[in-house]
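As provided, input.txt (compact mmCIF, C-alpha atoms and all ligand atoms) reads as follows.
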```txt
# COMPACT_ATOMS: atom_id res chain seq x y z
CA MET A 8 8.61 -17.66 24.25
CA SER A 9 11.34 -19.27 22.19
CA ASP A 10 10.54 -17.26 19.10
CA PHE A 11 10.63 -13.94 20.95
CA PRO A 12 12.68 -11.56 18.82
CA ASP A 13 16.33 -11.06 19.45
CA PHE A 14 16.55 -7.47 20.58
CA SER A 15 20.32 -7.34 20.24
CA TYR A 16 19.74 -5.04 17.26
CA LEU A 17 18.60 -2.43 19.73
CA GLN A 18 22.24 -1.83 20.36
CA VAL A 19 22.38 -0.25 16.94
CA ILE A 20 19.34 1.94 17.47
CA SER A 21 17.71 2.21 20.84
CA PHE A 22 14.17 1.02 20.31
CA PRO A 23 11.27 3.26 21.32
CA VAL A 24 9.49 0.45 23.11
CA VAL A 25 12.28 0.40 25.65
CA GLN A 26 11.29 3.86 26.71
CA LEU A 27 7.55 3.31 26.88
CA HIS A 28 7.29 2.89 30.58
CA MET A 29 9.58 5.81 31.25
CA ASN A 30 7.26 8.32 29.72
CA ARG A 31 3.63 8.40 30.76
CA ALA A 32 3.30 12.09 30.02
CA ALA A 33 1.75 11.50 26.62
CA MET A 34 -1.41 9.89 28.04
CA THR A 35 -4.22 10.85 25.68
CA ALA A 36 -7.20 9.16 24.08
CA SER A 37 -5.07 7.10 21.74
CA GLN A 38 -2.48 6.12 24.32
CA LYS A 39 -4.00 2.66 24.51
CA ASP A 40 -3.46 2.03 20.78
CA PHE A 41 0.01 3.45 21.15
CA GLU A 42 0.83 1.07 23.97
CA ASN A 43 -0.66 -1.84 22.06
CA ALA A 44 1.52 -0.94 19.10
CA MET A 45 4.58 -0.90 21.32
CA ASN A 46 3.70 -4.30 22.66
CA GLN A 47 3.16 -5.48 19.10
CA VAL A 48 6.71 -4.41 18.28
CA LYS A 49 7.97 -6.81 20.92
CA LEU A 50 6.21 -9.64 19.09
CA LEU A 51 7.93 -9.09 15.78
CA LYS A 52 9.88 -12.17 14.86
CA LYS A 53 12.25 -10.43 12.50
CA ASP A 54 14.43 -7.36 12.75
CA PRO A 55 12.57 -4.70 10.72
CA GLY A 56 15.87 -3.08 9.68
CA ASN A 57 17.51 0.16 10.70
CA GLU A 58 15.50 2.39 8.38
CA VAL A 59 12.23 1.26 9.93
CA LYS A 60 13.65 1.39 13.45
CA LEU A 61 14.70 4.97 12.81
CA LYS A 62 11.16 5.80 11.67
CA LEU A 63 9.74 4.17 14.79
CA TYR A 64 12.22 5.99 16.97
CA ALA A 65 11.41 9.34 15.37
CA LEU A 66 7.65 8.85 15.65
CA TYR A 67 7.98 7.72 19.25
CA LYS A 68 10.02 10.81 20.18
CA GLN A 69 7.64 13.12 18.31
CA ALA A 70 4.61 11.46 19.90
CA THR A 71 5.96 11.74 23.42
CA GLU A 72 8.19 14.83 23.39
CA GLY A 73 7.05 16.84 20.35
CA PRO A 74 9.39 18.41 17.76
CA CYS A 75 13.10 17.64 17.97
CA ASN A 76 14.66 19.94 20.54
CA MET A 77 18.06 18.29 20.95
CA PRO A 78 21.29 19.83 19.72
CA LYS A 79 22.46 18.21 16.49
CA PRO A 80 25.09 15.51 17.23
CA GLY A 81 28.52 15.84 15.65
CA VAL A 82 29.21 14.30 12.24
CA PHE A 83 31.21 11.43 13.71
CA ASP A 84 28.49 10.44 16.15
CA LEU A 85 26.83 8.46 13.37
CA ILE A 86 24.10 6.63 15.26
CA ASN A 87 22.88 9.61 17.25
CA LYS A 88 23.04 11.78 14.15
CA ALA A 89 20.89 9.29 12.20
CA LYS A 90 18.39 9.29 15.07
CA TRP A 91 18.42 13.08 15.31
CA ASP A 92 17.93 13.42 11.53
CA ALA A 93 14.98 11.02 11.60
CA TRP A 94 13.32 12.90 14.45
CA ASN A 95 14.10 16.34 13.07
CA THR A 96 12.60 15.42 9.67
CA LEU A 97 9.19 15.23 11.32
CA GLY A 98 9.26 19.00 11.83
CA SER A 99 6.22 20.27 13.66
CA LEU A 100 4.15 17.13 13.16
CA PRO A 101 1.60 17.11 16.02
CA LYS A 102 2.06 14.56 18.80
CA GLU A 103 -1.28 12.96 18.08
CA THR A 104 -0.48 12.47 14.40
CA ALA A 105 2.90 10.99 15.30
CA ARG A 106 1.19 8.55 17.66
CA GLN A 107 -1.25 7.55 14.93
CA ASN A 108 1.56 7.13 12.39
CA TYR A 109 3.50 5.01 14.87
CA VAL A 110 0.46 2.78 15.33
CA ASP A 111 -0.03 2.52 11.54
CA LEU A 112 3.60 1.71 10.91
CA VAL A 113 3.61 -1.05 13.52
CA SER A 114 0.35 -2.30 12.09
CA SER A 115 1.85 -2.64 8.61
CA LEU A 116 5.01 -4.24 10.05
CA SER A 117 3.07 -6.74 12.06
CA SER A 118 1.84 -8.43 8.92
CA SER A 119 4.88 -8.01 6.72
CA LEU A 120 7.24 -9.32 9.41
CA GLU A 121 4.84 -11.93 10.80
CA SER A 122 3.78 -10.91 14.26
CA SER A 123 3.51 -13.86 16.60
CA SER A 124 0.36 -12.39 18.13
CA GLN A 125 -2.93 -14.06 17.31
CA VAL A 126 -5.01 -12.00 14.92
CA GLU A 127 -8.63 -12.99 14.59
CA PRO A 128 -9.15 -13.91 10.94
CA GLY A 129 -11.21 -11.45 8.94
CA THR A 130 -11.36 -8.75 11.60
CA ASP A 131 -8.08 -6.94 11.12
CA ARG A 132 -6.04 -7.36 7.98
CA LYS A 133 -2.97 -5.57 6.80
CA SER A 134 -1.73 -5.68 3.25
CA THR A 135 1.90 -6.32 2.57
CA GLY A 136 4.15 -5.80 -0.37
CA TYR A 137 3.95 -2.02 -0.65
CA GLU A 138 7.11 0.07 -0.80
CA THR A 139 5.58 3.52 -0.87
CA LEU A 140 2.33 2.99 1.05
CA MET A 141 1.04 1.65 4.33
CA VAL A 142 -2.25 -0.17 3.84
CA THR A 143 -4.39 -1.42 6.68
CA SER A 144 -7.90 -2.82 6.78
CA GLU A 145 -9.64 -2.79 10.09
CA GLY A 146 -13.14 -2.19 11.46
CA GLY A 147 -14.64 -1.82 7.99
CA ILE A 148 -12.12 0.85 6.93
CA THR A 149 -9.31 0.33 4.43
CA LYS A 150 -6.74 3.01 5.02
CA ILE A 151 -4.13 3.82 2.37
CA THR A 152 -1.33 6.01 3.70
CA LEU A 153 1.14 7.70 1.35
CA ASN A 154 4.44 6.84 2.95
CA ARG A 155 7.39 8.83 1.58
CA PRO A 156 7.45 11.48 4.32
CA ALA A 157 11.06 12.48 3.65
CA LYS A 158 9.97 13.45 0.11
CA LYS A 159 6.76 15.09 1.31
CA ASN A 160 4.88 12.07 -0.09
CA ALA A 161 5.73 13.01 -3.67
CA ILE A 162 4.12 10.44 -5.97
CA ASN A 163 6.78 8.55 -7.89
CA VAL A 164 5.98 6.02 -10.61
CA GLU A 165 6.04 3.16 -8.11
CA MET A 166 3.56 4.98 -5.87
CA TYR A 167 1.16 5.60 -8.79
CA HIS A 168 1.15 1.85 -9.44
CA GLU A 169 0.84 0.96 -5.76
CA ILE A 170 -2.08 3.35 -5.21
CA MET A 171 -3.90 1.76 -8.15
CA ARG A 172 -3.18 -1.70 -6.76
CA ALA A 173 -4.37 -0.70 -3.28
CA LEU A 174 -7.57 0.87 -4.67
CA LYS A 175 -8.33 -2.24 -6.73
CA ALA A 176 -7.81 -4.43 -3.64
CA ALA A 177 -9.93 -2.08 -1.50
CA SER A 178 -12.76 -2.15 -4.01
CA LYS A 179 -12.96 -5.92 -3.56
CA ASP A 180 -12.18 -6.37 0.14
CA ASP A 181 -14.83 -6.53 2.86
CA SER A 182 -14.33 -2.97 4.07
CA SER A 183 -17.18 -0.44 3.76
CA ILE A 184 -15.19 2.74 3.18
CA THR A 185 -11.69 3.64 1.95
CA VAL A 186 -9.49 6.42 3.25
CA LEU A 187 -6.45 8.07 1.65
CA THR A 188 -4.07 10.05 3.85
CA GLY A 189 -0.39 10.98 4.19
CA ASN A 190 2.36 10.10 6.64
CA GLY A 191 4.42 13.00 8.02
CA ASP A 192 3.86 16.72 7.78
CA TYR A 193 2.57 16.73 4.17
CA TYR A 194 -0.46 15.08 2.62
CA SER A 195 1.42 15.02 -0.69
CA SER A 196 3.63 17.32 -2.74
CA GLY A 197 2.08 15.91 -5.91
CA ASN A 198 3.88 14.37 -8.83
CA ASP A 199 7.48 13.46 -8.03
CA LEU A 200 9.34 15.76 -10.39
CA THR A 201 12.16 13.24 -10.73
CA ASN A 202 9.64 11.08 -12.65
CA PHE A 203 10.60 13.22 -15.62
CA THR A 204 14.30 12.37 -15.41
CA ASP A 205 14.08 8.68 -16.25
CA ILE A 206 14.07 8.95 -20.06
CA PRO A 207 13.51 5.68 -22.00
CA PRO A 208 15.35 4.77 -25.25
CA GLY A 209 12.49 6.32 -27.28
CA GLY A 210 13.37 9.73 -25.79
CA VAL A 211 11.21 12.42 -24.23
CA GLU A 212 8.30 11.78 -26.60
CA GLU A 213 8.04 8.19 -25.41
CA LYS A 214 8.36 9.36 -21.81
CA ALA A 215 5.50 11.84 -22.29
CA LYS A 216 3.36 9.17 -23.96
CA ASN A 217 3.99 6.62 -21.18
CA SER A 218 3.30 9.23 -18.50
CA ALA A 219 -0.01 10.17 -20.14
CA ILE A 220 -1.03 6.49 -20.24
CA LEU A 221 -0.10 6.05 -16.57
CA LEU A 222 -1.89 9.24 -15.53
CA ARG A 223 -5.06 8.28 -17.41
CA GLU A 224 -5.14 4.85 -15.80
CA PHE A 225 -4.41 6.33 -12.36
CA VAL A 226 -7.20 8.93 -12.50
CA GLY A 227 -9.51 6.30 -14.02
CA CYS A 228 -9.17 4.22 -10.85
CA PHE A 229 -10.55 7.13 -8.79
CA ILE A 230 -13.40 7.75 -11.25
CA ASP A 231 -14.44 4.10 -11.05
CA PHE A 232 -13.86 3.48 -7.35
CA PRO A 233 -17.15 1.93 -6.12
CA LYS A 234 -17.13 2.55 -2.34
CA PRO A 235 -17.18 5.82 -0.38
CA LEU A 236 -13.70 7.32 -0.74
CA ILE A 237 -12.55 9.77 1.90
CA ALA A 238 -9.45 11.97 1.88
CA VAL A 239 -7.94 12.75 5.27
CA VAL A 240 -5.75 15.71 4.29
CA ASN A 241 -3.27 15.88 7.15
CA GLY A 242 -1.10 18.69 5.74
CA PRO A 243 -0.27 20.65 2.58
CA ALA A 244 -1.41 19.14 -0.70
CA VAL A 245 0.03 20.01 -4.11
CA GLY A 246 -0.73 19.25 -7.76
CA ILE A 247 -2.37 15.95 -8.55
CA SER A 248 -3.03 15.21 -4.87
CA VAL A 249 -5.34 18.26 -4.94
CA THR A 250 -6.98 17.80 -8.31
CA ILE A 251 -8.17 14.25 -7.63
CA LEU A 252 -9.95 15.47 -4.49
CA GLY A 253 -12.81 16.40 -6.82
CA LEU A 254 -13.30 12.66 -7.33
CA PHE A 255 -13.51 11.86 -3.60
CA ASP A 256 -16.80 11.58 -1.76
CA VAL A 257 -15.71 13.39 1.39
CA VAL A 258 -12.59 15.50 2.09
CA TYR A 259 -11.57 16.23 5.70
CA ALA A 260 -8.70 18.63 6.23
CA SER A 261 -6.49 19.73 9.07
CA ASP A 262 -6.32 23.51 9.45
CA ARG A 263 -2.60 23.08 8.61
CA ALA A 264 -3.48 21.84 5.12
CA THR A 265 -3.16 24.02 2.05
CA PHE A 266 -4.32 23.31 -1.49
CA HIS A 267 -2.03 24.33 -4.33
CA THR A 268 -2.19 23.59 -8.05
CA PRO A 269 0.70 25.57 -9.58
CA PHE A 270 0.29 24.17 -13.09
CA SER A 271 1.12 27.37 -14.99
CA HIS A 272 4.25 27.85 -12.86
CA LEU A 273 5.30 24.36 -13.95
CA GLY A 274 4.39 24.89 -17.61
CA GLN A 275 1.69 22.25 -17.20
CA SER A 276 -2.10 22.08 -17.37
CA PRO A 277 -4.81 20.69 -15.06
CA GLU A 278 -5.42 16.97 -14.60
CA GLY A 279 -7.37 14.66 -12.30
CA CYS A 280 -10.58 15.85 -14.04
CA SER A 281 -10.18 19.16 -12.20
CA SER A 282 -10.88 21.11 -15.41
CA TYR A 283 -14.42 19.74 -15.01
CA THR A 284 -14.91 18.95 -11.30
CA PHE A 285 -13.44 22.21 -9.94
CA LEU A 286 -15.66 24.27 -12.20
CA LYS A 287 -18.70 22.38 -10.93
CA ILE A 288 -17.56 22.58 -7.32
CA MET A 289 -16.47 26.21 -7.05
CA GLY A 290 -17.54 27.90 -10.29
CA PRO A 291 -15.29 29.05 -13.15
CA ALA A 292 -13.85 32.17 -11.53
CA LYS A 293 -12.56 30.48 -8.37
CA ALA A 294 -11.45 27.42 -10.35
CA THR A 295 -9.46 29.66 -12.69
CA GLU A 296 -7.71 31.36 -9.77
CA MET A 297 -6.51 27.95 -8.64
CA LEU A 298 -5.92 26.06 -11.87
CA VAL A 299 -4.62 28.88 -14.10
CA PHE A 300 -3.10 31.37 -11.65
CA GLY A 301 -1.95 28.81 -9.05
CA LYS A 302 -3.66 30.46 -6.08
CA LYS A 303 -2.89 28.46 -2.95
CA LEU A 304 -5.98 27.98 -0.76
CA THR A 305 -6.02 27.62 3.00
CA ALA A 306 -8.12 24.76 4.35
CA GLY A 307 -10.78 27.28 5.39
CA GLU A 308 -10.91 28.76 1.87
CA ALA A 309 -11.04 25.30 0.28
CA CYS A 310 -13.94 24.46 2.59
CA ALA A 311 -15.78 27.69 1.78
CA GLN A 312 -15.37 26.86 -1.92
CA GLY A 313 -16.75 23.34 -1.52
CA LEU A 314 -13.58 21.37 -2.26
CA VAL A 315 -13.24 20.37 1.40
CA THR A 316 -16.12 18.94 3.44
CA ALA A 317 -14.92 20.05 6.90
CA VAL A 318 -11.83 21.50 8.57
CA PHE A 319 -10.57 20.57 12.05
CA PRO A 320 -7.89 22.08 14.29
CA ASP A 321 -4.69 20.16 13.75
CA SER A 322 -4.43 19.31 17.44
CA THR A 323 -7.68 17.30 17.37
CA PHE A 324 -7.77 16.44 13.67
CA GLN A 325 -7.07 12.70 13.85
CA LYS A 326 -9.36 12.14 16.81
CA GLU A 327 -12.32 14.01 15.35
CA VAL A 328 -11.97 12.60 11.88
CA TRP A 329 -11.54 8.98 12.97
CA THR A 330 -14.55 9.22 15.27
CA ARG A 331 -16.63 10.16 12.23
CA LEU A 332 -15.05 7.57 9.96
CA LYS A 333 -15.62 4.76 12.46
CA ALA A 334 -19.30 5.73 12.64
CA PHE A 335 -19.58 5.82 8.80
CA ALA A 336 -18.00 2.38 8.58
CA LYS A 337 -20.83 0.93 10.66
CA LEU A 338 -23.50 1.97 8.13
CA PRO A 339 -24.84 -0.76 5.83
CA PRO A 340 -22.13 -1.15 3.15
CA ASN A 341 -24.42 -2.09 0.27
CA ALA A 342 -26.62 0.94 0.85
CA MET A 343 -23.56 3.22 0.82
CA ARG A 344 -22.21 1.65 -2.35
CA ILE A 345 -25.53 1.92 -4.15
CA SER A 346 -26.06 5.51 -3.01
CA LYS A 347 -22.62 6.39 -4.35
CA GLU A 348 -23.54 4.73 -7.65
CA VAL A 349 -26.76 6.76 -7.85
CA ILE A 350 -24.91 9.99 -7.08
CA ARG A 351 -21.90 9.43 -9.35
CA ASN A 352 -22.75 7.07 -12.19
CA ARG A 353 -24.34 9.53 -14.58
CA GLU A 354 -21.09 11.56 -14.50
CA LYS A 355 -18.72 8.66 -15.10
CA GLU A 356 -18.69 8.70 -18.88
CA LYS A 357 -18.12 12.46 -18.88
CA LEU A 358 -15.30 12.14 -16.34
CA HIS A 359 -13.51 9.49 -18.42
CA ALA A 360 -13.76 11.74 -21.48
CA VAL A 361 -12.39 14.72 -19.51
CA ASN A 362 -9.58 12.55 -18.15
CA ALA A 363 -8.59 11.41 -21.65
CA GLU A 364 -8.55 14.98 -22.95
CA GLU A 365 -6.53 16.36 -20.01
CA CYS A 366 -3.93 13.61 -20.43
CA SER A 367 -3.58 14.22 -24.13
CA VAL A 368 -3.07 17.98 -23.57
CA LEU A 369 -0.53 17.25 -20.83
CA GLN A 370 1.39 14.86 -23.08
CA GLU A 371 2.13 17.88 -25.30
CA ARG A 372 2.78 20.22 -22.37
CA TRP A 373 5.46 17.92 -20.92
CA LEU A 374 7.46 18.41 -24.13
CA SER A 375 7.31 22.21 -23.88
CA ASP A 376 10.31 24.35 -22.91
CA GLU A 377 8.17 25.92 -20.17
CA CYS A 378 7.64 22.58 -18.49
CA MET A 379 11.18 21.27 -18.99
CA ASN A 380 12.68 24.48 -17.59
CA ALA A 381 10.43 24.34 -14.51
CA VAL A 382 11.43 20.75 -13.77
CA VAL A 383 15.12 21.49 -14.31
CA ASN A 384 14.87 24.53 -12.03
CA PHE A 385 13.33 22.46 -9.24
CA LEU A 386 15.81 19.62 -9.63
CA SER A 387 18.79 21.98 -9.71
CA ARG A 388 17.42 23.52 -6.50
CA LYS A 389 16.80 26.86 -8.24
CA SER A 390 13.12 26.97 -7.43
CA LYS A 391 10.44 25.63 -5.15
CA LEU A 392 6.80 26.47 -5.03
C1 LIG B 1 3.35 10.01 -14.43
C2 LIG B 1 3.28 11.47 -14.43
C3 LIG B 1 1.96 11.98 -14.01
C4 LIG B 1 2.02 13.46 -13.85
C5 LIG B 1 0.77 14.00 -13.29
C6 LIG B 1 0.74 15.51 -13.27
C7 LIG B 1 0.96 15.98 -11.91
C8 LIG B 1 1.26 17.25 -11.66
C9 LIG B 1 1.60 17.71 -10.33
O1 LIG B 1 1.43 17.09 -9.31
S1 LIG B 1 2.29 19.25 -10.32
C10 LIG B 1 2.96 19.46 -8.70
C11 LIG B 1 4.36 18.93 -8.62
N1 LIG B 1 4.92 19.24 -7.32
C12 LIG B 1 5.72 20.26 -7.07
O2 LIG B 1 6.04 21.05 -7.96
C13 LIG B 1 6.25 20.39 -5.67
C14 LIG B 1 7.75 20.52 -5.67
N2 LIG B 1 8.23 20.63 -4.30
C15 LIG B 1 8.40 21.81 -3.66
O3 LIG B 1 8.17 22.87 -4.18
C16 LIG B 1 8.86 21.74 -2.23
O4 LIG B 1 9.56 20.54 -2.07
C17 LIG B 1 7.70 21.81 -1.21
C18 LIG B 1 7.09 23.23 -1.24
C19 LIG B 1 6.63 20.78 -1.53
C20 LIG B 1 8.24 21.53 0.21
O5 LIG B 1 9.29 22.42 0.49
P1 LIG B 1 10.16 22.21 1.84
O6 LIG B 1 9.27 22.14 3.00
O7 LIG B 1 11.22 23.27 1.82
O8 LIG B 1 10.80 20.75 1.67
P2 LIG B 1 11.90 20.27 0.65
O9 LIG B 1 11.78 20.98 -0.65
O10 LIG B 1 13.24 20.30 1.30
O11 LIG B 1 11.45 18.75 0.38
C21 LIG B 1 11.97 17.66 1.11
C22 LIG B 1 12.49 16.65 0.12
O12 LIG B 1 11.40 16.22 -0.68
C23 LIG B 1 11.69 16.42 -2.07
N3 LIG B 1 10.46 16.75 -2.78
C24 LIG B 1 9.39 17.42 -2.30
N4 LIG B 1 8.44 17.50 -3.22
C25 LIG B 1 8.90 16.84 -4.30
C26 LIG B 1 8.35 16.57 -5.59
N5 LIG B 1 7.12 16.97 -5.93
N6 LIG B 1 9.10 15.89 -6.46
C27 LIG B 1 10.32 15.45 -6.12
N7 LIG B 1 10.90 15.66 -4.92
C28 LIG B 1 10.18 16.35 -4.02
C29 LIG B 1 12.67 17.58 -2.06
O13 LIG B 1 13.42 17.60 -3.25
C30 LIG B 1 13.49 17.23 -0.85
O14 LIG B 1 14.37 16.18 -1.22
P3 LIG B 1 15.87 16.12 -0.65
O15 LIG B 1 15.73 16.04 0.84
O16 LIG B 1 16.51 17.40 -1.10
O17 LIG B 1 16.44 14.90 -1.27
```
Could you write out this file's structure as structure tokens?
Amino acid sequence: MSDFPDFSYLQVISFPVVQLHMNRAAMTASQKDFENAMNQVKLLKKDPGNEVKLKLYALYKQATEGPCNMPKPGVFDLINKAKWDAWNTLGSLPKETARQNYVDLVSSLSSSLESSSQVEPGTDRKSTGYETLMVTSEGGITKITLNRPAKKNAINVEMYHEIMRALKAASKDDSSITVLTGNGDYYSSGNDLTNFTDIPPGGVEEKAKNSAILLREFVGCFIDFPKPLIAVVNGPAVGISVTILGLFDVVYASDRATFHTPFSHLGQSPEGCSSYTFLKIMGPAKATEMLVFGKKLTAGEACAQGLVTAVFPDSTFQKEVWTRLKAFAKLPPNAMRISKEVIRNREKEKLHAVNAEECSVLQERWLSDECMNAVVNFLSRKSKL
């Protein structure tokens, strides 16, 4: 084993794998995957870097011990403070979700850092080259995980581009179904409000125009996505992460999830084709409560109104959802694709027209005082949702 990794970097941050055999308390259904992931870590040829090791450490602690319960280390105890911060950031993330996220993270690392384990070609592929996502393709399921947990998976410009790239790749790969989910305690807090701070030489008008072009292209990718697209809403969802759910084929939600579209509060207007899909899904009165008055729905309410397919208790969410998804992935892929076409195609032209109109209205809205003030208030920490 000459190319076994040099674990001297563990002196910087004690690696979770070291503790695996000390803690058998977390034995559950997915313990096997968890153990495999830990073994996989040992096979990494390259040091993944301290930031990733901190993430692994935090997920390991959360998966085995639950929320951070240690006293905060002093400011000069830099290493332990970094570890504590990483763990504490995970908040009340359930153990099972942490285990799953650990497995996903290792899975994405294994390809990007060249695991020395033998992977059977074509059966288990992981995409590399994403900064804001984890993308895995395994057992007929391509899974795209929003991966900015410290920012509640807010969608920055890079993430918009990466999601589009991942969807385009998923539409062509040999998977049968595609899943979008979030890493950490949020599904997504929606558009990253700092997107509005990077003003190009052409000023705010050019910024608004570019943003409208990006948004239209982004939503267009969901309208045109050819395979069954499933949202696994692991926690609260805000803004555009909610509106595009109307373009998904199935939406599973944890009972911890909430659905919030505070467009009026932000001086903005609906996007993601929600001005059309939400009306069809829940009727104009309920859609107006959400899209105009910013009513936040619980997962149960969103399910009763048809936006969500099914809700599961957070403690069993991952297990129950992935059991279903694995079964769906075994169905004949061409039949699923064609059925989706039959169900969705007659709406496509309409959806593209709605998308174009929403983006053009938003382009104007972003230049309004109402919108600018709301963004400034959030960024200057004066307001949150
Ligand atoms: C190309 C443009 C296309 C535009 C498309 C149109 C899209 C519209 C929308 O999506 S509208 C919705 C926009 N989202 C929001 O308004 C949410 C703003 N965030 C919040 O209100 C809160 O952060 C929260 C309620 C989501 C969570 O609160 P809390 O639990 O107290 O956590 P923190 O606020 O401390 O958040 C941690 C960390 O994340 C940063 N953050 C969270 N959400 C966003 C965001 N949407 N944009 C930017 N940054 C976000 C937050 O600032 C903290 O950062 P820090 O640790 O302070 O560095």
Contacts of A:Asn202 at 9 Å (all atoms listed in the file; same-chain gap of 5+ positions) as a list in words: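 Close residues of A:Asn202: Ile162, Asn163, Val164 and Ser218 of chain A.
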Within 7 Å of ligand LIG 1 (chain B), counting all atoms listed in the file, residues as a ChimeraX atom specification: /A:157-159,161,164,196-202,218-219,221-222,245-248,268-270,273,278,385,391-392
Who sits within 12 Å of A:Glu354, only C-alpha atoms, same chain under 6 positions skipped, as JSON, numbers by chain: {"A": [230, 231, 254, 280, 283, 284, 287, 347, 348, 360, 361]}
Distance in Å - atom CA of A:Arg372 versus atom CA of A:Ser276: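 Answer for the atom CA of A:Arg372 to atom CA of A:Ser276 separation: 7.2 Å.
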Long-range neighbours of A:Ser282 as a ChimeraX atom specification, 12 Å cut-off, all atoms listed in the file, 5 positions minimum in chain: /A:250-251,253-254,268,270,276-277,287-291,293-295,297-299,357-358,360-366,368
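Minimum atom-to-atom distances from A:Val258, A:Ala65, A:Ile170, A:Leu100 to A:Gly227 were compared using only C-alpha atoms, and the lowest value belongs to A:Ile170.
Distances here use only C-alpha atoms; by that measure, the residue among A:Pro235, A:Gly210, A:Gly56, A:Pro101 closest to A:Asp321 is A:Pro101.
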From A:Lys214, A:Lys62, A:Lys49, A:Lys102, residue lying nearest A:Gln325 [only C-alpha atoms]: A:Lys102
Contacts of A:Lys333 within 10 Å, only C-alpha atoms, excl. fewer than 2 positions in-chain, as a list in words: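 The filter keeps Glu145, Gly146, Gly147, Ile148, Ile184, Val328, Trp329, Thr330, Arg331, Phe335, Ala336, Lys337 and Leu338 of chain A.
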Coordinates-based distance that separates atom CA of A:Leu140 from atom CA of A:Tyr109 (Å, one decimal):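 If I compute the distance from atom CA of A:Tyr109 to atom CA of A:Leu140, I get 14.0 Å.
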Pairwise distance for atom CA of A:Thr323 and atom CA of A:Ser183, rounded to one decimal in Å: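 Value for the atom CA of A:Thr323-atom CA of A:Ser183 distance: 24.3 Å.
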Nearest to A:Ser114 by atom-to-atom distance, counting only C-alpha atoms, from A:Lys88, A:Arg351, A:Lys150, A:Arg172: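 That would be A:Lys150, the residue with the smallest distance to A:Ser114.
For the choices A:Gly307, A:Cys228, A:Ala215, A:Ile220, the atom-to-atom distance to A:Cys378 is smallest for A:Ala215 when using all atoms listed in the file.
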Spatial neighbours of A:Ser99, max dist 12 Å, all atoms listed in the file, sep filter under 4 positions, as a ChimeraX atom specification: /A:66,69-70,72-76,94-95,103-105,191-193,242,263,321-322
Residue with smallest distance to A:Val349 - pool A:Lys234, A:Lys175, A:Lys60, A:Arg155, counting all atoms listed in the file: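 Smallest distance to A:Val349 is found for A:Lys234.
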Return stretch 310-321 of chain A, completed with N, CA and C atoms, as a short mmCIF file (atom, residue, chain, number, x, y, z; two decimals), in the frame of the given file.
```cif
data_model
loop_
_atom_site.label_atom_id
_atom_site.label_comp_id
_atom_site.auth_asym_id
_atom_site.auth_seq_id
_atom_site.Cartn_x
_atom_site.Cartn_y
_atom_site.Cartn_z
N CYS A 310 -12.66 24.91 2.04
CA CYS A 310 -13.94 24.46 2.59
C CYS A 310 -15.05 25.42 2.12
N ALA A 311 -14.77 26.71 2.20
CA ALA A 311 -15.78 27.69 1.78
C ALA A 311 -16.12 27.50 0.30
N GLN A 312 -15.13 27.03 -0.48
CA GLN A 312 -15.37 26.86 -1.92
C GLN A 312 -15.90 25.48 -2.28
N GLY A 313 -16.09 24.63 -1.28
CA GLY A 313 -16.75 23.34 -1.52
C GLY A 313 -15.82 22.18 -1.86
N LEU A 314 -14.50 22.46 -1.94
CA LEU A 314 -13.58 21.37 -2.26
C LEU A 314 -13.38 20.47 -1.04
N VAL A 315 -13.45 21.09 0.14
CA VAL A 315 -13.24 20.37 1.40
C VAL A 315 -14.58 20.30 2.14
N THR A 316 -14.85 19.14 2.74
CA THR A 316 -16.12 18.94 3.44
C THR A 316 -16.11 19.64 4.80
N ALA A 317 -15.02 19.44 5.56
CA ALA A 317 -14.92 20.05 6.90
C ALA A 317 -13.46 20.20 7.28
N VAL A 318 -13.19 21.21 8.11
CA VAL A 318 -11.83 21.50 8.57
C VAL A 318 -11.79 21.34 10.08
N PHE A 319 -10.71 20.78 10.61
CA PHE A 319 -10.57 20.57 12.05
C PHE A 319 -9.23 21.15 12.52
N PRO A 320 -9.18 21.62 13.77
CA PRO A 320 -7.89 22.08 14.29
C PRO A 320 -6.89 20.92 14.26
N ASP A 321 -5.67 21.24 13.90
CA ASP A 321 -4.69 20.16 13.75
C ASP A 321 -4.53 19.33 15.03
#
```
